[in-house]
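For reference, entry-v4.tsv is printed below; it contains TSV, C-alpha atoms.
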```tsv
chain	number	residue	atom	x	y	z
A	1	MET	CA	26.62	3.64	13.46
A	2	VAL	CA	24.21	0.71	13.44
A	3	LYS	CA	22.11	0.66	16.58
A	4	ASN	CA	21.03	-2.57	18.22
A	5	VAL	CA	19.18	-3.88	15.21
A	6	LEU	CA	16.93	-6.17	17.23
A	7	LEU	CA	15.65	-3.23	19.28
A	8	ARG	CA	15.52	-0.97	16.24
A	9	ASN	CA	13.15	-3.36	14.45
A	10	ASN	CA	11.39	-4.65	17.58
A	11	VAL	CA	12.44	-8.19	16.68
A	12	THR	CA	10.61	-10.95	18.54
A	13	ILE	CA	11.75	-14.56	18.51
A	14	THR	CA	9.59	-17.57	19.35
A	15	GLY	CA	9.20	-21.18	18.20
A	16	LYS	CA	11.03	-24.43	18.88
A	17	GLY	CA	12.82	-25.24	15.64
A	18	ASP	CA	16.35	-24.53	14.43
A	19	THR	CA	15.59	-23.20	10.97
A	20	VAL	CA	14.64	-19.53	11.04
A	21	MET	CA	11.36	-18.42	9.48
A	22	LEU	CA	11.45	-14.64	9.21
A	23	PHE	CA	8.14	-12.79	8.76
A	24	ALA	CA	8.16	-9.28	7.27
A	25	HIS	CA	4.93	-7.26	7.20
A	26	GLY	CA	3.61	-5.01	4.43
A	27	PHE	CA	2.67	-1.34	4.14
A	28	GLY	CA	0.37	-0.13	6.90
A	29	CYS	CA	0.93	-3.10	9.18
A	30	ASP	CA	3.28	-4.39	11.84
A	31	GLN	CA	4.23	-7.86	13.07
A	32	ASN	CA	0.80	-8.39	14.67
A	33	VAL	CA	-0.51	-9.08	11.21
A	34	TRP	CA	1.05	-12.58	11.34
A	35	ARG	CA	-0.81	-13.71	14.46
A	36	ARG	CA	-3.23	-16.00	12.64
A	37	ILE	CA	-0.61	-18.16	10.96
A	38	THR	CA	2.54	-18.21	13.08
A	39	SER	CA	1.39	-20.84	15.60
A	40	ALA	CA	1.16	-23.37	12.76
A	41	PHE	CA	4.95	-23.18	12.34
A	42	ALA	CA	6.04	-22.72	15.96
A	43	ASP	CA	6.84	-26.39	16.61
A	44	ASP	CA	9.17	-26.75	13.63
A	45	TYR	CA	10.79	-23.35	13.12
A	46	LYS	CA	12.39	-20.50	15.00
A	47	LEU	CA	10.00	-17.64	14.25
A	48	VAL	CA	11.51	-14.19	13.82
A	49	LEU	CA	9.08	-11.28	13.53
A	50	LEU	CA	9.96	-7.63	13.02
A	51	ASP	CA	8.54	-4.15	12.62
A	52	TYR	CA	10.08	-1.96	9.95
A	53	VAL	CA	11.39	1.36	11.26
A	54	GLY	CA	8.33	3.58	11.59
A	55	ALA	CA	5.93	0.66	12.09
A	56	GLY	CA	4.58	-0.91	15.27
A	57	LYS	CA	6.98	-0.72	18.21
A	58	SER	CA	10.11	-0.05	16.17
A	59	ASP	CA	12.59	2.68	17.14
A	60	ILE	CA	11.31	5.67	15.17
A	61	SER	CA	14.46	7.65	16.02
A	62	ALA	CA	16.33	5.27	13.69
A	63	TYR	CA	14.35	6.56	10.71
A	64	ASP	CA	16.65	7.87	7.98
A	65	LYS	CA	14.87	9.52	5.06
A	66	THR	CA	17.71	8.85	2.63
A	67	LYS	CA	18.29	5.23	3.61
A	68	TYR	CA	14.61	4.39	3.39
A	69	SER	CA	14.02	6.21	0.11
A	70	THR	CA	14.61	2.88	-1.66
A	71	LEU	CA	13.64	-0.70	-0.85
A	72	ASP	CA	17.37	-1.46	-0.55
A	73	GLY	CA	17.37	0.40	2.78
A	74	TYR	CA	14.76	-1.99	4.13
A	75	ALA	CA	16.57	-5.01	2.64
A	76	THR	CA	19.72	-3.87	4.46
A	77	ASP	CA	17.79	-3.95	7.74
A	78	ILE	CA	16.60	-7.50	7.03
A	79	LEU	CA	20.18	-8.61	6.36
A	80	GLU	CA	21.47	-6.85	9.48
A	81	ILE	CA	18.91	-8.72	11.57
A	82	CYS	CA	19.91	-12.00	9.89
A	83	HIS	CA	23.60	-11.31	10.56
A	84	ARG	CA	22.86	-10.55	14.20
A	85	LEU	CA	20.93	-13.83	14.55
A	86	ASN	CA	23.38	-15.75	12.37
A	87	VAL	CA	20.68	-16.83	9.94
A	88	LYS	CA	21.77	-19.18	7.13
A	89	GLY	CA	19.36	-21.09	4.92
A	90	GLY	CA	16.29	-19.51	6.51
A	91	ILE	CA	12.77	-19.09	5.17
A	92	PHE	CA	11.58	-15.59	4.33
A	93	VAL	CA	7.86	-14.84	4.46
A	94	GLY	CA	6.93	-11.41	3.16
A	95	HIS	CA	3.65	-9.63	2.61
A	96	SER	CA	3.06	-7.06	-0.14
A	97	VAL	CA	6.03	-4.66	-0.39
A	98	SER	CA	8.11	-6.97	1.80
A	99	CYS	CA	8.18	-9.58	-0.94
A	100	MET	CA	10.47	-7.45	-3.08
A	101	ILE	CA	12.44	-6.40	0.02
A	102	GLY	CA	13.08	-10.09	0.74
A	103	ALA	CA	13.96	-10.70	-2.91
A	104	LEU	CA	16.54	-7.89	-2.81
A	105	ALA	CA	18.02	-9.30	0.41
A	106	ALA	CA	18.28	-12.77	-1.16
A	107	ILE	CA	19.92	-11.37	-4.30
A	108	LYS	CA	22.45	-9.50	-2.17
A	109	GLU	CA	23.24	-12.50	0.06
A	110	PRO	CA	21.94	-15.77	-1.40
A	111	SER	CA	23.06	-17.88	1.57
A	112	VAL	CA	20.73	-16.19	4.08
A	113	PHE	CA	17.45	-17.61	2.76
A	114	LYS	CA	16.88	-20.93	1.04
A	115	LYS	CA	13.23	-20.20	0.23
A	116	LEU	CA	11.16	-17.07	-0.21
A	117	ILE	CA	7.41	-16.90	0.31
A	118	PHE	CA	5.62	-13.95	-1.28
A	119	ILE	CA	2.09	-13.10	-0.10
A	120	GLY	CA	0.41	-10.54	-2.39
A	121	PRO	CA	3.63	-9.41	-4.10
A	122	SER	CA	4.12	-6.93	-6.90
A	123	PRO	CA	7.34	-5.96	-8.66
A	124	TYR	CA	5.70	-2.76	-9.98
A	125	TYR	CA	2.30	-1.24	-9.30
A	126	LEU	CA	1.98	0.99	-12.37
A	127	ASN	CA	0.72	-0.15	-15.75
A	128	ASP	CA	3.54	0.08	-18.27
A	129	GLY	CA	2.91	-0.87	-21.90
A	130	GLU	CA	1.83	-4.50	-21.90
A	131	TYR	CA	2.66	-4.87	-18.21
A	132	VAL	CA	-0.43	-4.73	-16.00
A	133	GLY	CA	0.49	-3.39	-12.57
A	134	GLY	CA	-3.06	-2.30	-11.80
A	135	PHE	CA	-2.62	1.46	-11.43
A	136	GLU	CA	-2.20	4.56	-13.54
A	137	GLN	CA	-0.03	7.50	-12.55
A	138	GLU	CA	-3.16	9.53	-11.72
A	139	ASP	CA	-4.17	6.82	-9.22
A	140	MET	CA	-0.82	7.20	-7.53
A	141	ASP	CA	-1.09	11.01	-7.59
A	142	SER	CA	-4.43	10.70	-5.80
A	143	LEU	CA	-2.94	8.21	-3.33
A	144	PHE	CA	-0.18	10.62	-2.36
A	145	GLU	CA	-2.65	13.51	-2.20
A	146	VAL	CA	-4.94	11.50	0.07
A	147	MET	CA	-2.00	10.69	2.29
A	148	GLU	CA	-1.33	14.40	2.69
A	149	ASP	CA	-4.85	14.67	4.09
A	150	ASP	CA	-6.51	12.93	7.00
A	151	TYR	CA	-6.27	9.58	5.29
A	152	ILE	CA	-6.68	7.37	8.35
A	153	ASN	CA	-9.98	8.96	9.33
A	154	TRP	CA	-11.07	9.10	5.71
A	155	SER	CA	-10.46	5.39	5.30
A	156	LYS	CA	-12.26	4.77	8.56
A	157	SER	CA	-15.33	6.74	7.51
A	158	MET	CA	-15.33	5.50	3.93
A	159	ALA	CA	-14.76	1.81	4.58
A	160	PRO	CA	-18.35	0.88	5.47
A	161	LYS	CA	-19.62	2.86	2.45
A	162	ILE	CA	-17.17	1.64	-0.17
A	163	MET	CA	-17.60	-1.92	1.03
A	164	GLY	CA	-21.35	-1.57	0.61
A	165	ASP	CA	-21.74	-4.74	-1.42
A	166	ARG	CA	-20.30	-6.77	1.44
A	167	GLN	CA	-22.96	-6.85	4.10
A	168	GLU	CA	-21.31	-8.96	6.81
A	169	PRO	CA	-21.75	-6.92	10.03
A	170	GLU	CA	-18.53	-8.31	11.51
A	171	LEU	CA	-16.59	-7.07	8.48
A	172	LYS	CA	-17.99	-3.57	8.82
A	173	GLU	CA	-17.18	-3.62	12.50
A	174	GLU	CA	-13.62	-4.65	11.69
A	175	LEU	CA	-13.28	-1.92	9.10
A	176	THR	CA	-14.52	0.68	11.53
A	177	ASP	CA	-12.03	-0.72	13.99
A	178	TYR	CA	-9.27	-0.27	11.47
A	179	PHE	CA	-6.04	1.46	12.21
A	180	CYS	CA	-2.80	1.96	10.37
A	181	ALA	CA	0.25	0.77	12.30
A	182	LEU	CA	2.62	3.23	10.65
A	183	ASP	CA	3.83	6.59	11.89
A	184	PRO	CA	1.79	8.98	9.67
A	185	GLU	CA	4.79	10.98	8.43
A	186	ILE	CA	6.89	7.89	7.70
A	187	ALA	CA	3.85	6.31	6.04
A	188	LYS	CA	3.96	9.00	3.34
A	189	ASP	CA	7.58	8.15	2.49
A	190	PHE	CA	6.91	4.42	2.73
A	191	ALA	CA	3.92	4.73	0.38
A	192	ARG	CA	6.10	6.37	-2.27
A	193	VAL	CA	8.86	3.77	-2.05
A	194	THR	CA	6.28	0.97	-1.93
A	195	PHE	CA	4.14	2.02	-4.85
A	196	LEU	CA	6.74	3.60	-7.14
A	197	SER	CA	9.58	1.08	-6.92
A	198	ASP	CA	10.12	-0.96	-10.06
A	199	ASN	CA	11.71	-4.32	-9.29
A	200	ARG	CA	10.80	-6.16	-12.47
A	201	LYS	CA	14.44	-6.38	-13.52
A	202	ASP	CA	15.30	-8.06	-10.20
A	203	LEU	CA	12.97	-11.04	-10.61
A	204	PRO	CA	15.29	-13.07	-12.90
A	205	LYS	CA	18.12	-12.55	-10.39
A	206	ILE	CA	16.34	-14.19	-7.46
A	207	PRO	CA	18.72	-17.05	-6.62
A	208	VAL	CA	16.43	-19.33	-4.59
A	209	GLU	CA	13.04	-21.04	-4.91
A	210	SER	CA	10.01	-18.88	-4.25
A	211	LEU	CA	6.28	-19.22	-3.74
A	212	THR	CA	3.71	-16.59	-4.70
A	213	ILE	CA	0.40	-16.66	-2.83
A	214	GLN	CA	-2.38	-14.60	-4.37
A	215	CYS	CA	-6.13	-14.13	-3.87
A	216	THR	CA	-8.61	-14.16	-6.73
A	217	GLU	CA	-9.66	-10.53	-6.22
A	218	ASP	CA	-7.10	-8.15	-4.83
A	219	ILE	CA	-7.27	-4.41	-5.57
A	220	ILE	CA	-3.53	-4.10	-4.92
A	221	MET	CA	-2.42	-7.10	-6.98
A	222	PRO	CA	-4.21	-7.93	-10.25
A	223	MET	CA	-4.13	-11.57	-11.42
A	224	GLU	CA	-1.69	-10.62	-14.20
A	225	VAL	CA	0.97	-9.72	-11.63
A	226	GLY	CA	1.15	-13.25	-10.20
A	227	ARG	CA	1.51	-14.66	-13.70
A	228	TYR	CA	4.21	-12.09	-14.54
A	229	ILE	CA	6.22	-13.03	-11.45
A	230	LYS	CA	5.94	-16.73	-12.25
A	231	GLU	CA	7.04	-16.20	-15.86
A	232	ASN	CA	10.00	-14.02	-14.93
A	233	THR	CA	11.30	-15.63	-11.75
A	234	PRO	CA	13.32	-18.86	-11.89
A	235	GLY	CA	11.88	-21.49	-9.55
A	236	ASN	CA	8.70	-19.60	-8.71
A	237	THR	CA	5.45	-21.43	-7.87
A	238	LEU	CA	2.12	-19.60	-8.03
A	239	VAL	CA	-0.78	-20.56	-5.76
A	240	ILE	CA	-4.16	-18.86	-6.12
A	241	LEU	CA	-6.26	-18.99	-2.97
A	242	ASN	CA	-10.03	-19.14	-2.99
A	243	ASP	CA	-10.36	-15.83	-1.17
A	244	THR	CA	-10.53	-12.11	-1.86
A	245	GLY	CA	-8.48	-9.20	-0.57
A	246	HIS	CA	-4.84	-8.37	-0.07
A	247	CYS	CA	-4.15	-10.14	3.22
A	248	PRO	CA	-4.98	-13.88	3.03
A	249	HIS	CA	-2.80	-14.55	6.08
A	250	MET	CA	-5.54	-12.69	7.97
A	251	SER	CA	-8.67	-13.49	5.97
A	252	ALA	CA	-7.83	-17.09	4.95
A	253	PRO	CA	-5.19	-18.32	7.41
A	254	GLU	CA	-5.89	-22.04	6.91
A	255	GLN	CA	-5.46	-21.82	3.15
A	256	THR	CA	-2.34	-19.70	3.56
A	257	ILE	CA	-0.79	-22.14	6.05
A	258	ALA	CA	-1.58	-25.08	3.78
A	259	ALA	CA	0.05	-23.37	0.78
A	260	ILE	CA	3.18	-22.54	2.76
A	261	LYS	CA	3.47	-26.02	4.29
A	262	SER	CA	3.05	-27.63	0.92
A	263	PHE	CA	5.85	-25.45	-0.49
A	264	LEU	CA	8.18	-26.11	2.43
B	1	MET	CA	-16.66	29.21	0.35
B	2	GLN	CA	-14.18	32.09	0.75
B	3	ASP	CA	-11.93	29.74	2.78
B	4	LEU	CA	-11.88	27.28	-0.05
B	5	ILE	CA	-11.06	29.99	-2.61
B	6	ASN	CA	-8.27	31.24	-0.34
B	7	GLU	CA	-6.88	27.71	-0.12
B	8	ILE	CA	-7.05	27.34	-3.87
B	9	ASN	CA	-5.26	30.66	-4.33
B	10	GLU	CA	-2.65	29.68	-1.74
B	11	SER	CA	-2.05	26.31	-3.41
B	12	ALA	CA	-1.78	27.90	-6.83
B	13	LYS	CA	0.67	30.58	-5.63
B	14	GLY	CA	3.11	31.64	-8.30
B	15	ILE	CA	0.78	30.68	-11.10
B	16	LYS	CA	-0.28	33.65	-13.20
B	17	ARG	CA	-4.03	34.07	-12.96
B	18	ASP	CA	-6.67	36.56	-12.09
B	19	GLU	CA	-7.93	35.82	-8.56
B	20	ALA	CA	-11.30	37.34	-9.30
B	21	SER	CA	-11.71	34.97	-12.22
B	22	VAL	CA	-10.93	32.00	-9.95
B	23	ALA	CA	-13.73	33.11	-7.64
B	24	ALA	CA	-16.05	33.59	-10.60
B	25	LEU	CA	-15.14	30.18	-11.94
B	26	TYR	CA	-15.82	28.69	-8.54
B	27	ASP	CA	-19.14	30.51	-8.06
B	28	ARG	CA	-20.34	29.38	-11.41
B	29	TYR	CA	-19.40	25.72	-11.41
B	30	ALA	CA	-18.61	24.53	-7.88
B	31	PRO	CA	-22.18	23.76	-6.69
B	32	ALA	CA	-22.93	21.48	-9.63
B	33	LEU	CA	-19.59	19.71	-9.36
B	34	TYR	CA	-19.77	19.39	-5.58
B	35	GLY	CA	-23.17	17.73	-5.74
B	36	ARG	CA	-21.92	15.16	-8.22
B	37	ILE	CA	-18.79	14.41	-6.20
B	38	LEU	CA	-20.71	14.12	-2.93
B	39	LYS	CA	-23.17	11.71	-4.50
B	40	VAL	CA	-20.28	9.31	-5.12
B	41	VAL	CA	-18.08	9.76	-2.04
B	42	LYS	CA	-20.90	10.49	0.45
B	43	GLU	CA	-18.54	12.33	2.82
B	44	LYS	CA	-18.62	16.15	2.85
B	45	GLU	CA	-15.00	16.58	3.97
B	46	ILE	CA	-13.68	14.34	1.21
B	47	ALA	CA	-15.98	15.88	-1.42
B	48	GLU	CA	-14.75	19.37	-0.50
B	49	LYS	CA	-11.13	18.29	-0.76
B	50	ILE	CA	-11.70	16.71	-4.17
B	51	LEU	CA	-13.50	19.85	-5.36
B	52	GLN	CA	-10.61	21.98	-4.12
B	53	ARG	CA	-8.12	19.88	-6.08
B	54	VAL	CA	-10.25	20.03	-9.21
B	55	PHE	CA	-10.18	23.83	-9.05
B	56	ILE	CA	-6.48	23.98	-8.23
B	57	ASN	CA	-5.84	21.91	-11.32
B	58	ALA	CA	-8.17	24.16	-13.30
B	59	VAL	CA	-6.09	27.16	-12.26
B	60	VAL	CA	-2.73	25.50	-12.72
B	61	ASP	CA	-3.52	23.52	-15.85
B	62	LYS	CA	-4.23	25.86	-18.73
B	63	ASN	CA	-5.68	22.96	-20.69
B	64	VAL	CA	-8.73	23.01	-18.44
B	65	LYS	CA	-9.42	26.64	-19.37
B	66	GLN	CA	-11.48	26.57	-22.53
B	67	SER	CA	-13.30	29.34	-24.33
B	68	SER	CA	-16.86	28.10	-24.52
B	69	HIS	CA	-19.04	27.64	-21.46
B	70	LEU	CA	-20.00	24.11	-22.41
B	71	THR	CA	-16.44	22.98	-23.03
B	72	LEU	CA	-15.14	24.44	-19.80
B	73	PHE	CA	-17.90	22.86	-17.72
B	74	THR	CA	-17.47	19.54	-19.50
B	75	SER	CA	-13.74	19.73	-18.91
B	76	LEU	CA	-14.22	20.43	-15.19
B	77	LEU	CA	-16.85	17.72	-14.96
B	78	ASN	CA	-14.59	15.14	-16.59
B	79	HIS	CA	-11.72	16.13	-14.36
B	80	SER	CA	-13.84	15.98	-11.20
B	81	ARG	CA	-15.14	12.56	-12.22
B	82	LYS	CA	-11.60	11.23	-12.73
B	83	LYS	CA	-10.38	12.81	-9.50
B	84	THR	CA	-13.33	11.39	-7.55
B	85	TYR	CA	-12.74	7.84	-8.71
B	86	SER	CA	-8.97	7.97	-8.35
B	87	THR	CA	-9.43	9.32	-4.81
B	88	LEU	CA	-11.83	6.50	-3.99
B	89	LYS	CA	-9.35	4.01	-5.42
B	90	ALA	CA	-6.60	5.52	-3.27
B	91	ILE	CA	-8.73	5.21	-0.14
B	92	ARG	CA	-9.52	1.59	-1.07
B	93	MET	CA	-5.78	0.93	-1.48
B	94	ILE	CA	-5.04	2.30	1.97
B	95	GLU	CA	-7.94	0.37	3.45
B	96	ALA	CA	-6.80	-2.86	1.76
B	97	CYS	CA	-3.28	-2.47	3.10
B	98	CYS	CA	-4.05	-1.21	6.58
B	99	SER	CA	-7.27	-2.94	7.58
B	100	SER	CA	-5.42	-6.25	7.96
B	101	GLN	CA	-3.98	-4.69	11.08
B	102	SER	CA	-7.36	-4.74	12.75
B	103	LYS	CA	-8.41	-7.79	14.63
B	104	GLY	CA	-10.42	-9.76	12.14
B	105	VAL	CA	-11.46	-10.32	8.56
B	106	VAL	CA	-10.42	-8.03	5.77
B	107	GLY	CA	-11.90	-7.66	2.35
```
Serialized structure, structure tokens:
Amino acid sequence: MVKNVLLRNNVTITGKGDTVMLFAHGFGCDQNVWRRITSAFADDYKLVLLDYVGAGKSDISAYDKTKYSTLDGYATDILEICHRLNVKGGIFVGHSVSCMIGALAAIKEPSVFKKLIFIGPSPYYLNDGEYVGGFEQEDMDSLFEVMEDDYINWSKSMAPKIMGDRQEPELKEELTDYFCALDPEIAKDFARVTFLSDNRKDLPKIPVESLTIQCTEDIIMPMEVGRYIKENTPGNTLVILNDTGHCPHMSAPEQTIAAIKSFL
Amino acid sequence: MQDLINEINESAKGIKRDEASVAALYDRYAPALYGRILKVVKEKEIAEKILQRVFINAVVDKNVKQSSHLTLFTSLLNHSRKKTYSTLKAIRMIEACCSSQSKGVVG
């Protein structure tokens, strides 16, 4: 039985336009992560923001281990929200793992979105032959081991040390201020489905135009990944921002807005 | 230290090994490995956890058990180095994904 999907995913709707622009956050975040860019689109679009089950203010009781063991489970939620809001020809904006979730939703129902915007996407995080995903299996093993430990506090305590070459005091303050917006138990499952899913075979099936936005230095997404997506996805445009990190919608909002507006 | 050995033994339950030899292995090599790990990660709690996993792997993975002293230490040292850097990379991954949730700039 599908619960009220808008409550389940804590869907919020703002903006003045008719065309829906749906924003889907990445691993470790919730819909607050879009706050630096959404106002730029509020006059022209109806903005739909959501929290995946387990993130932010979503209904954690709706968490289903089997359903969410693949990205399809999350894509189903996106489509259920779109059905409920009668979305046709909308714009999908996804960050990180959400990019492939949006791609799967578009493949399943091509009429729902007319354009997809991928911020920091990856179809597969592991290196595989000539494919450069950025990580080896032992990196992933350590990631899952760390997540079995006190990873939030570890990241908190390590951040100022591992970011030692970046001396900006405000950055260190922000890193100390860090928190993960995911339920810790669900985060472990979400990490596995995020970092082990292989969606390379889905790229050629994406039925609509897409934009990839990437930073020059991103530990999660090597430069090769953006090129791979462009080469394997019909109608994909790649934009490299003059910024570092995995979240340009937070660290370089003006550049991110400009890239999206230019694509739209 | 006994707590750590107990944890290692608990984690390696079901694996055939001599518990006394695990303790001996730990006594002999842990201090040198721990110092090297701590130098990189700079956090005692994390260094201890990495050390624990290095020894669990040493117990579980027969390939780490070698006959000569030098080879065994080198093997443990190589493994602890790999485990240290992959753990740091994992923490960086989590930080890169999650820190965007905080109120300002991310790296």
Would you work out the distance separating atom CA of A:Tyr228 from atom CA of A:Thr256, expressed in Å to one decimal?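 Here the two named atoms are 20.7 Å from each other.
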Compile the contact shell of A:Ile206 as a PyMOL selection string: residues with an atom at most 10 Å away, counting all atoms listed in the file, same-chain residues fewer than 5 positions apart removed. chain A and resi 100+102-108+110+116+232-236
Please indicate the distance in Å from atom CA of B:Ser80 to atom CA of A:Pro184, rounded to one decimal place.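 Between atom CA of B:Ser80 and atom CA of A:Pro184 the gap is 27.0 Å.
As for atom CA of A:Ile60 and atom CA of A:Gly26, they are spaced 17.0 Å apart.
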Within 12 Å of (4.4, -27.2, 11.5), all atoms listed in the file: residues as a PyMOL selection string? chain A and resi 15-17+19+21+37-47+257-258+260-262+264
What's around stretch 229-231 of chain A at 9 Å? Count all atoms listed in the file, leave out sequence neighbours fewer than 3 positions away in its own chain, and write the answer as a PyMOL selection string. chain A and resi 121-123+200+203+211-212+224-226+234-238
Do you know which residues are at most 7 Å from stretch 5-13 of chain A counting all atoms listed in the file, after dropping those on the same chain fewer than 2 positions away, and could you put them as a list of chain:residue names?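 Surrounding residues, per the criterion: A:Lys3, A:Lys46, A:Leu47, A:Val48, A:Leu49, A:Leu50, A:Asp51, A:Tyr52, A:Val53, A:Lys57, A:Ser58, A:Asp59, A:Ala62, A:Glu80, A:Ile81.
Comparing the minimum interatomic distances between B:Pro31 and each of B:Leu72, B:Ala47, B:Leu88, B:Ala58, counting only C-alpha atoms, we find that B:Ala47 sits nearest.
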